[in-house]
Amino acid sequence: MTTKYIFVTGGVVSSLGKGLTSASIGMLLEHRGLRVRMQKLDPYINVDPGTMSPFQHGEVYVLDDGSETDLDLGHYERFTESPLTRDSNYTTGQIYQAVINKERRGEFLGKTVQVIPHITDEIKSVIRKLGEDDVDVVITEIGGTVGDIESQPFLEAIRQFSLDVGKENCLYIHLTLVPYLKAAGELKTKPTQHSVGQLREIGIQPHILICRTERSLSRGDREKIALFCNVPLEAVIEEKDKDFSIYEVPFSLVDNGLDELIVDQLGLDAGTLVLDDWHELMRRLRNPQHEISIAVVGKYAAHCDAYKSIYEALDHAGIANEAQVRIQPIQSEDIEREGPQRLLSGYDGVLVPGGFGERGIEGKVQAIEYARSKGIPFLGICLGMQCAVIEFARHVVGLAGAHSSEFDKDTPHPVICLLDEQKSITDKGGTMRLGAQPCRLAIDSKAYEGYGAEDISERHRHRYEFNNVYRTQFEAHGMKFVGTSPDGMLVEIVELAEHPWFVAVQFHPEFKSKPTLAQPLFAGFIEAAVQRRSTAADVAVPSDE
């Protein structure tokens, strides 16, 4: 069967949720028995998001092959089974870099290198890479907003693409905003008309419009959009804002007939839609048996997208434990100013995520000391593990001034030090220890209890590691090194023997969590938090006797 291509564009404003919508489409097509591949093309000139500020760009999502990618690829992996690789995310920087490298090698035979055809040809080639023989549908999301200068080469490329592979093999879906004006008391369709008009000016006629709106579209609204945007009425799809959960989005699209519309327009040989696993997911979300609160103590707590995958993994673990997880982001610098007792008292668990730079480190260390000394379930991730090691060194092992050499090159006890492989590296982009790495677990550990396996693989993104010079001292004081690289040289997981649930990992387990299959460490963390809350309730409520 010929591979079909779906292109998802966005208009009117940014942050409409193209990634979430694309992921939902991919999930629905997979649940109809189709083989799907997902891709994001980003217009910014950075070669990848690895060196971009999380305040500006959000989290950097890491794939098994070590690619540092856009956070929307997290949605793709959480919603679908589509295998993602470095071919799943390209930026303008990567495209131009590839073309310039070809020019330097003389591949253009002295011709003038231009946006058309050379840049657009390169864009089309990276789309075509995913259209293998065993793939039914490739879904490519175009980042940015129609009308952006930097998006124009990508839009021109996907316009040309339908001429290359046949118009019957391409489908254009445009995600747009239909705003509600309170003063006028009505929805306004004109922004959508203008957005589609800009697409049509460059030769792209959308087949389907997905309309983001906070209020339901009337039939009259849909008829007006259909008429002025030149699409059938049934191809105007309402996507109303979801207050409860993002995992409702696929159901909303099904209710509006989107999956059937795509199957019909592309002539796909698809089966019946079966969503039993997602119906069970929603049942658990709507009927939690427990309610707990988790404090996430981070450096970027003011920006929710900086820890997007962590928040989602906590929700997934809540689903697995039939628990409503109330997440409270807390700035680590606030803990430095106000103290952990005031800001962390009453939470059922504390999670300290990753990050870079010295700012807020002492606040993370204080939060970990509080969780350790109070017996509160704790999960540390990447820098969170390193801070746990620093805290334990100072307050339990008795190593005054212990620190990471990343933050204090003159520390008398560099319990965290630079990886040997990093010592000769000077470039910042794409040079960390990245991607899937094997890890061997100790059988008598909470980590093994969660995974149920001795050998696991998780994704990494770091330059610093535990300093093995101190391993014997730490073990003597109760810190267990329960996960290491297969050769035993790199510490990947630490636990505390005399604590209800204290686990810290050098890798990023949040990247492998799904709503239908919670990541084991997150599931264990939330289970421990539920037990703590239940125990506290039992103590607080006197028995009838």
# chains A, B, ... in the order shown; residues from 1 in each chain; ligands from 1
>>> select_by_dssp(residues="region 270-453 of chain A", states="helix (DSSP H, G or I)", output="ChimeraX atom specification")
/A:276-286,304-320,332-338,340-344,361-374,383-397,420-422,446-451
>>> select_by_dssp(residues="region 242-465 of chain A", states="strand (DSSP E)", output="PyMOL selection string")
chain A and resi 290-298+323-331+349-352+378-381+403-404+414-418+433-441+455-462+464-465
>>> closest_atom_pairs(of="region 265-377 of chain A", to="region 24-41 of chain A", cutoff="10 Å", atoms="only C-alpha atoms", output="CSV")
residue,atom,partner,partner_atom,distance
A:Leu268,CA,A:Leu34,CA,8.5
A:Asp269,CA,A:Leu34,CA,8.1
A:Ala270,CA,A:Arg32,CA,5.5
A:Gly271,CA,A:Arg32,CA,4.8
A:Thr272,CA,A:Arg32,CA,5.5
A:Leu273,CA,A:Arg32,CA,4.7
A:Val274,CA,A:His31,CA,5.8
A:Leu275,CA,A:His31,CA,6.7
A:Asp276,CA,A:His31,CA,9.6
A:Asp277,CA,A:His31,CA,10.0
>>> residues_around(residues="Ala497 (chain A)", least_positions_apart="6", cutoff="9 Å", atoms="only C-alpha atoms", output="PyMOL selection string")
chain A and resi 445+478-480
>>> closest_residue(among="A:Lys512, A:Arg433, A:Lys124, A:Lys182", to="Ile456 (chain A)", atoms="only C-alpha atoms")
A:Lys512
>>> atom_distance(atom1="CA of Ile416 (chain A)", atom2="CA of Ile390 (chain A)")
7.6 Å
>>> atom_distance(atom1="CA of His316 (chain A)", atom2="CA of Ile294 (chain A)")
13.6 Å
>>> residues_around(residues="region 65-82 of chain A", least_positions_apart="3", cutoff="9 Å", atoms="only C-alpha atoms", output="PyMOL selection string")
chain A and resi 18-20+22-24+26-28+30+35-40+42+48-50+57-62+85-86+88-90+247+305+308-309+312+430+433-436+459-461+511-516
>>> residues_around(residues="Asn467 (chain A)", least_positions_apart="6", cutoff="9 Å", atoms="only C-alpha atoms", output="list in words")
Pro414, Val415, Ile416, Cys417, Leu418, Leu490 and Val491 of chain A
>>> residues_around(residues="Thr120 (chain A)", least_positions_apart="2", cutoff="9 Å", atoms="only C-alpha atoms", output="MDAnalysis selection string")
chainID A and resid 115:118 122:125 153:154 156:158 160
>>> residues_around(residues="Ile225 (chain A)", least_positions_apart="4", cutoff="9 Å", atoms="only C-alpha atoms", output="PDB file with C-alpha atoms, in the first residue's frame")
ATOM      1  CA  THR A 189     -14.530  33.257  12.606  1.00  0.00           C
ATOM      2  CA  LYS A 190     -12.619  36.011  10.770  1.00  0.00           C
ATOM      3  CA  THR A 192      -9.645  31.526  10.833  1.00  0.00           C
ATOM      4  CA  GLN A 193     -10.685  32.900   7.446  1.00  0.00           C
ATOM      5  CA  LEU A 209     -10.020  22.514   9.706  1.00  0.00           C
ATOM      6  CA  GLY A 220     -24.038  28.760  11.692  1.00  0.00           C
ATOM      7  CA  ASP A 221     -20.412  29.270  12.768  1.00  0.00           C
ATOM      8  CA  CYS A 229     -12.511  28.594   3.777  1.00  0.00           C
ATOM      9  CA  ASN A 230     -13.664  26.359   0.914  1.00  0.00           C
ATOM     10  CA  VAL A 231     -14.028  23.120   2.903  1.00  0.00           C
ATOM     11  CA  LEU A 233     -19.154  21.393   6.419  1.00  0.00           C
ATOM     12  CA  VAL A 236     -14.945  21.737  10.113  1.00  0.00           C
TER      13      VAL A 236
END
>>> closest_residue(among="A:Val469, A:Ala306, A:Leu227, A:Leu155", to="Gly143 (chain A)", atoms="only C-alpha atoms")
A:Leu155
>>> closest_residue(among="A:Ile310, A:Val397, A:Ala371, A:Val165", to="Tyr347 (chain A)", atoms="only C-alpha atoms")
A:Ala371
>>> atom_distance(atom1="CA of Val352 (chain A)", atom2="CA of Ile368 (chain A)")
7.8 Å
>>> closest_residue(among="A:Phe481, A:Phe244, A:Tyr180, A:Tyr96", to="Leu285 (chain A)", atoms="only C-alpha atoms")
A:Phe244
>>> closest_residue(among="A:Gly131, A:Val249, A:Ser457, A:His413", to="Ala400 (chain A)", atoms="only C-alpha atoms")
A:His413
